[in-house]
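Peer 1: So that we are looking at the same thing, I have put the structure below in structure tokens.
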Amino acid sequence: MKQPLLTADHLSVQYPGKNGLLDAITDISLHIRTGETVCLVGESGSGKTIAAKTFMRLIDYERGRIAAGHVQFADQDLVRLTDKELRRLRGRKIAMVFQEPMTAFDPIFTIGSQLIETILRHQRVTRQEAWRRSVDLLRRVGLSEPEARMHQYPGELSGGMLQRAMIAMALSCSPDLLIADEPTTALDMTIQAQILQLLKELQREYGMAMLLITHDLVIAAEAADRIVVMYAGRIAEQAETQDLFREPYHPYTKGLLQSITAPDSMRKSKLYSIEGSIPGLHDMPSGCRFHPRCPHAVERCRSEVPELTGLNGRLVACWRAEELRHSGNVQARPAVIEAEPMTSERKETLIEAVGLSKWYPLKRGTGGKERFIRAVDDVSLAIRAGETFGLVGESGSGKSTLGRVILQLERATKGEVYFRGEPLTQLSGARLRNMRRHMQMVFQDAGSSMNPRWKAGDIIGEPLDVHESLSRKERKARIEELLQIVGLSPDMADRYPHQFSGGQRQRLGIARAIALNPAFLLLDEPVSALDVSVQAQIVNLLLDIQERMGLTYLFIGHGLHVVRHLSDRIGVMYLGQLVEVADSAELFLHPAHHYTRALIASIPHPDPAGRGTARVIEGEVPSPAAPPSGCRFHPRCPAATERCKLEAPELQEIGPGHYAACHFPA
Amino acid sequence: MARAILLRAAASLMVIFGTMALVFVIVYMLPGDPVYQIVDPESVTPDVIENLRRQLGTDKPLAVQFANYMSKLMQGDFGRSILNGDPVLPKIIEHFPATLSLTVCSALFAALIGIWLGVLSAIHRNGLIDIAARTLGLFGISMPTFWTGILLILLFSIRLGWFPAMGSDGWRTLVLPSLALGIVASGFIIRLVRNSMLEVLGEPFILTLRAKGLAERMVMYRHALRNALLPALTMIGVLIGDLMAGSVVIETVFSRQGIGRIVADALTAKDMPVIQGVILFTAVMYVLVNLLVDLSYAIVDPRVRRLKSGGGRL
Amino acid sequence: MTVKDFVLGKTVWRESKRQTAARPRLRSLGTGDWLAAVSGVILAFAALCALFPGWIAPYSPTSMEADRVLLPPGAAHYFGTDYFGRDIFSVVVYGARDSLLIGVASVLAGGLAGCIIGAAAGIAGGVIDLILMRFIEIVMTIPGILLALAIAAVLGPNLFNMIFAVAVSMVPGFARVFRSQIISVKGRAFITAARSIGMPAPRIFFRHVLPNAWSPVLVMATIGLGTSILTAAGLSFLGLGVVKEIPDWGTLLSQGRGYLTVAWWISTFPGIAITLLVLSGNILGDWLRDRLDPKREQR
């Protein structure tokens with residue numbers, strides 16, 4: 001076996017905190033060989049990013065300190081290197097790609113000058129040579145018109161293009177190790193797949209080692225040779241990708257794997273979820289850090305820290321790994337989605353949108369003519385009482401705007417919204433405010449949707465204060481009841497929002513939304529901002545209260561699996577228009593619009609066996625200020641013809657309850 | 001781009017009109033008859049007062065007064081001094097060079113010291129240099145300029161005799177007043193540049209630069225400083241206005257023959273047309289400087305350039 | 001707008017997306033806290049001088065002793081005496097009243113007016129916002145001290161006019177900061193949440209917007225106290241001050257200018273008094289900002 005390129009040995013890193021030093025990562029051991037892709041998987045606070053920064057000693061700039069252990073890169077001891085030696089290593093031998101390409105470039109220098117700067121820093125070449133090489137690199141990472149890109153500023157490129165440029169910059173000195181820190185998280189779904197594909201290709205081509213950091217096991221399944229799972233600053237488990245997915249040893253890995261909403265999960269079934277929330281750096285549990293959330297924890301787990309030990313060719317840090325191996329494995333799931341029987345009873349329509357548009361005026365440019373961003377453009381849909389209508393789309397699709405316009409939080413430019421037949425768009429003032437008690441909203445970022453100066457109880461009680469006149473006692477009782485419904489304890493009413501964890505805050509948000517017993521809830525990406533292990537809890541809660549209260553949901557999401565899992569019907573949006581509506585199962589089995597097909601194809605499969613099945617569509621999402629003519633998807637569509645360029649397709653029924661806006665539905 | 005410049009210039013012109021109207025409001029509409037500002041009603045005959053009113057034009061209705069006022073201003077007629085009947089504008093223009101040289105010198109001094117210390121302060125955050133620079137910044141913005149001027153005179157003229165305490169001829173007379181004004185302004189700049197640098201140093205792209213293996217010097221001066229200076233540039237416009245206003249006071253301290261001096265003399269004589277003229281003049285200067293700053297901003301910052309030219313992505 | 005408002009409005013107060021530190025937390029006392037405490041003591045002492053000068057001043061500020069003319073600072077006269085034989089220390093103590101009164105009153109008046117304009121512009125938006133902000137922009141073209149000078153010159157020198165003049169010069173800064181703060185709070189998700197509940201707009205404003213928007217104004221008022229004292233001192237120095245028996249600090253400083261070669265102390269001590277007061281305001285303002293700005297706390 002080859003000598004590992006990078007070896008970390010019992011590595012611990014500390015950061016100064018308010019009350020002394022905090023352990024950001026503890027006792028991390030791992031290695032990466034040349035040509036190998038290792039995935040570091042963990043949720044927020046797991047220390048995965050800090051581990052990556054430590055391998056480049058970038059923690060020095062954040063007052064982080066290696067407290068114990070060694071890091072060896074090739075024949076160099078990274079812990080002892082001087083600043084000067086480190087700078088020769090960074091960018092040349094080890095390069096890094098970051099999560100948010102939009103903020104990772106200096107905004108006031110051109111892409112070209114930032115690329116050239118890197119090359120000139122490490123290699124003795126002329127400016128012309130560096131320029132030529134930069135252009136080649138940009139072409140290699142798939143940017144069109146690379147010469148023109150060289151002259152552009154970061155603000156002029158889209159996120160996907162910037163991430164490509166960032167990868168080009170990282171590769172500019174042919175590094176031995178590429179560290180990619182959540183390289184796809186901030187990007188749109190179809191772009192994510194492109195970038196992941198590109199990284200895999202380049203890794204093979206350059207024969208380098210790659211350390212891919214992600215919170216998403218699905219991405220790890222798609223790309224990694226080996227997976228290292230981190231939890232709360234420690235490594236929980238390490239195994240070959242195939243092994244890990246076939247049979248995870250650590251209860252945390254098991255839980256993570258089970259809580260993934262798979263494309264073939266039983267719709268509306270309860271998801272497996274890991275209880276509780278991720279501990280903070282300042283209140284780490286004793287013993288095994290996972291024990292408070294572990295269903296298998298015993299006394300020993302509470303008191304003694306389990307070492308990472310070898311077991312059947314992998315490493316696991318669990319006292320009970322051996323005995324648990326034989327029990328409670330992930331059940332094999334049915335591999336095919338079955339078409340579900342159509343619900344025969346036609347329920348009454350609760351909310352209907354007819355020809356709804358929301359245009360935002362653009363600041364007048366040099367043209368002088370007033371232009372608009374057509375955030376929502378002529379959308380009609382009907383949501384039936386008791387159902388969940390899912391809305392998916394990438395950024396700029398207008399899905400969130402549509403939700404807000406339906407709730408009258410923003411006024412429609414054109415079109416009508418009816419709630420139980422009553423035209424909401426005609427209402428205003430007190431009558432509209434009165435209607436609001438029937439339709440409530442849950443926000444993506446629950447924290448920012450709450451006044452930070454208010455206590456949880458008052459936040460939940462606010463709708464009651466506005467619409468109902470309860471006595472002090474009744475109000476208190478109702479708040480406690482609501483807290484209990486969403487799985488919080490009544491004594492939490494006196495806390496401030498920032499004292500809750502992310503998942504708990506979302507529970508609070510849900511409690512506020514259901515306080516008035518509404519008929520309709522707008523769920524605007526309610527789980528997107530949450531950690532994987534917490535997402536499932538919220539999904540379950542939403543399913544639970546829907547059943548209990550007979551609620552109707554409009555669920556906006558970008559994770560297709562989650563939307564599929566919750567929704568009866570799904571609408572797909574692209575650049576402000578609804579391009580396809582169908583029953584949830586039908587949509588996944590027979591996607592008709594080519595955009596829907598592309599969207600579904602771009603999902604990585606949560607099983608390494610299905611690796612490489614993800615297909616990638618080309619191109620970027622155009623700006624909604626200047627949408628393409630005809631069918632807005634035509635520049636990216638594999639089936640586009642001359643007709644699609646000229647003529648905008650109408651949404652028409654192509655099967656029972658299945659609508660698509662496409663001239664040539666598949 | 002040309003269109004954007006024109007639009008911006010038109011906006012500036014509107015602001016200047018607005019300022020003229022505002023000065024009119026202050027001088028003619030606030031309670032208090034301007035005539036009584038000039039003479040004591042007890043000590044002169046009603047004739048004299050009537051005469052003065054006619055001379056000032058305050059006997060006519062407000063609307064007429066306003067129309068006259070504006071039309072005269074349009075023709076570059078800032079009125080005549082009550083004291084000696086000299087036209088105001090030529091007098092201001094005559095005295096302006098002394099003020100301009102003081103403003104420019106103090107701005108240069110402030111920018112140099114302020115940026116230098118601000119950057120050092122941010123780089124060595126919480127270090128000795130930082131503490132020293134921040135202390136200096138705090139004192140700078142807390143001391144009255146005229147007092148700083150007096151202290152400088154005490155030390156460098158009276159005690160050491162290095163620089164003259166008064167006058168406006170030659171560069172030596174410029175040193176102390178520039179210092180007095182510059183210390184205040186540099187206090188602001190130190191604080192602004194430090195904050196701005198710290199903010200930029202917290203941006204994610206700094207991490208990218210370090211991960212590329214760039215030398216710290218490059219990270220700090222080529223990238224961080226350039227980003228941090230953009231807000232400072234906007235401030236120069238505001239600062240020039242403050243410095244011009246400050247020179248009114250400081251020219252009194254150092255007995256310089258600048259426009260500040262005219263104001264001081266006019267104040268003792270209650271010569272409102274002169275005061276009004278100086279205020280309008282500085283306001284126009286202020287607007288012009290800010291127009292220049294805005295335009296140069298568009299050249300320096302690619303983000304603004306793109307927006308102004310109306311192209312590019314959203 | 002003074003540069004100070006600019007620093008405050010443009011770079012320092014930016015809405016933080018995180019809200020971890022929205023509530024002030026207890027923490028150990030640092031250097032900043034001690035400095036702030038000292039500043040507080042200085043301000044309190046100045047207030048004491050203003051309210052009860054007789055308790056502190058050893059002499060009457062108006063008593064002129066011919067045999068004690070131009071004495072340097074010493075045990076009998078801490079700050080020395082002036083040409084009339086007045087005890088400078090006593091004059092400075094008595095002079096605190098006017099300086100402090102002008103500072104506090106003009107900040108209150110100017111701040112209130114500025115906040116009302118800023119709030120109106122921020123809440124109404126659209127044309128009203130445009131008009132109000134254009135107006136503020138116009139006022140800003142005249143630097144604060146010149147504006148105050150013009151007003152004071154027109155109205156004539158008395159205490160009320162002085163306060164009015166300085167107050168007007170403070171309006172633009174407050175208006176701009178409060179407006180941008182209101183707009184930023186208005187854009188936050190919890191305002192949408194309140195609207196989605198069906199809360200009437202006035203109630204949203206008073207219960208959600210205002211409580212989250214006032215803290216920069218508080219910081220600005222603290223620092224503005226210094227600015228207005230400086231402006232007022234500048235006006236007094238130019239001879240626009242309130243004419244009365246006991247000179248305020250600016251006037252005293254100006255009077256001392258004639259005796260620089262023989263009696264440096266006459267100008268020096270009132271200058272130190274002004275500087276100390278303004279410095280305290282600034283330090284306290286910085287401290288408040290560090291405490292109240294959630295983003296800074298994370299630094």
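Following the order of the structure tokens, first chain is A, next is B, and so on, with residues numbered from 1 inside each chain and ligands from 1 in the order they appear.
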With only C-alpha atoms considered, list every residue of chain C at most 8 Å from chain B, as a PyMOL selection string.
Peer 2: chain C and resi 1-4+6-7+11-12+134-135+137-139+141-147+150-151+153-156+226+230+233-234+238-240+253+257+260-261+264+267-268+271+274-276+278-279+282-283
Peer 1: Could the residues of chain A within 10 Å of chain C, counting only C-alpha atoms, be given as a ChimeraX atom specification, please?
Peer 2: /A:18-19,404,407-410,429-454,459,462-467,496-499,509,512-513,515-516
Peer 1: Show me which bits of chain A are within 7 Å of chain B, counting only C-alpha atoms, as a list in words.
Peer 2: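 So the contacting residues turn out to be Arg87, Arg88, Leu89, Arg90, Gly91, Ala95, Met96, Thr103, Ala104, Phe105, Asp106, Ile108, Thr118, Arg121, Gly155, Glu156, Gly365 and Thr366 of chain A.
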Peer 1: Find the residues around Arg80 in chain B up to 10 Å (only C-alpha atoms counted), leave out those fewer than 5 positions away in its own chain, and share them as a PyMOL selection string.
Peer 2: chain B and resi 55-56+85-89+91+271-274+277
Peer 1: Give me the residues within 9 Å of range 171-177 of chain B as a list in words, counting only C-alpha atoms and dropping any in the same chain fewer than 5 places off.
Peer 2: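 Once the nearby chain positions are removed, what remains is Ser101, Leu102, Cys105, Ser106, Gly149, Leu152, Ile153, Phe156, Trp162, Phe163, Pro164, Ala165, Met166, Gly182, Ser247, Ile250, Glu251, Val253, Phe254 and Arg256 of chain B.
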Peer 1: For each of C:Leu284, C:Ala263, C:Ala96, C:Ile182, take the minimum atom-to-atom distance to Ile204 in chain C, counting only C-alpha atoms, then give the residue where this is smallest.
Peer 2: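 Closest to Ile204 in chain C, using only C-alpha atoms: C:Ile182.
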Peer 1: Could you name the residues that touch Gln99 in chain A at 10 Å or less, counting only C-alpha atoms, but leaving out those on the same chain fewer than 6 positions away, as a PyMOL selection string?
Peer 2: (chain A and resi 163+180-187+213-214) or (chain B and resi 204)
Peer 1: Using DSSP secondary structure from the backbone, list all helix (DSSP H, G or I) positions within range 91-262 of chain A, as an MDAnalysis selection string.
Peer 2: chainID A and resid 101:104 111:122 127:140 146:150 154:156 159:171 189:206 217:223 241:246 251:259
Peer 1: Any idea what's packed within 9 Å of Pro16 in chain A, counting only C-alpha atoms, ignoring anything in its chain fewer than 3 positions away? Could you give it as number ranges by chain?
Peer 2: A: 19-23, 63-65
Peer 1: Hey, can you check how far CA of His215 in chain A sits from CA of Lys200 in chain A?
Peer 2: 17.9 Å
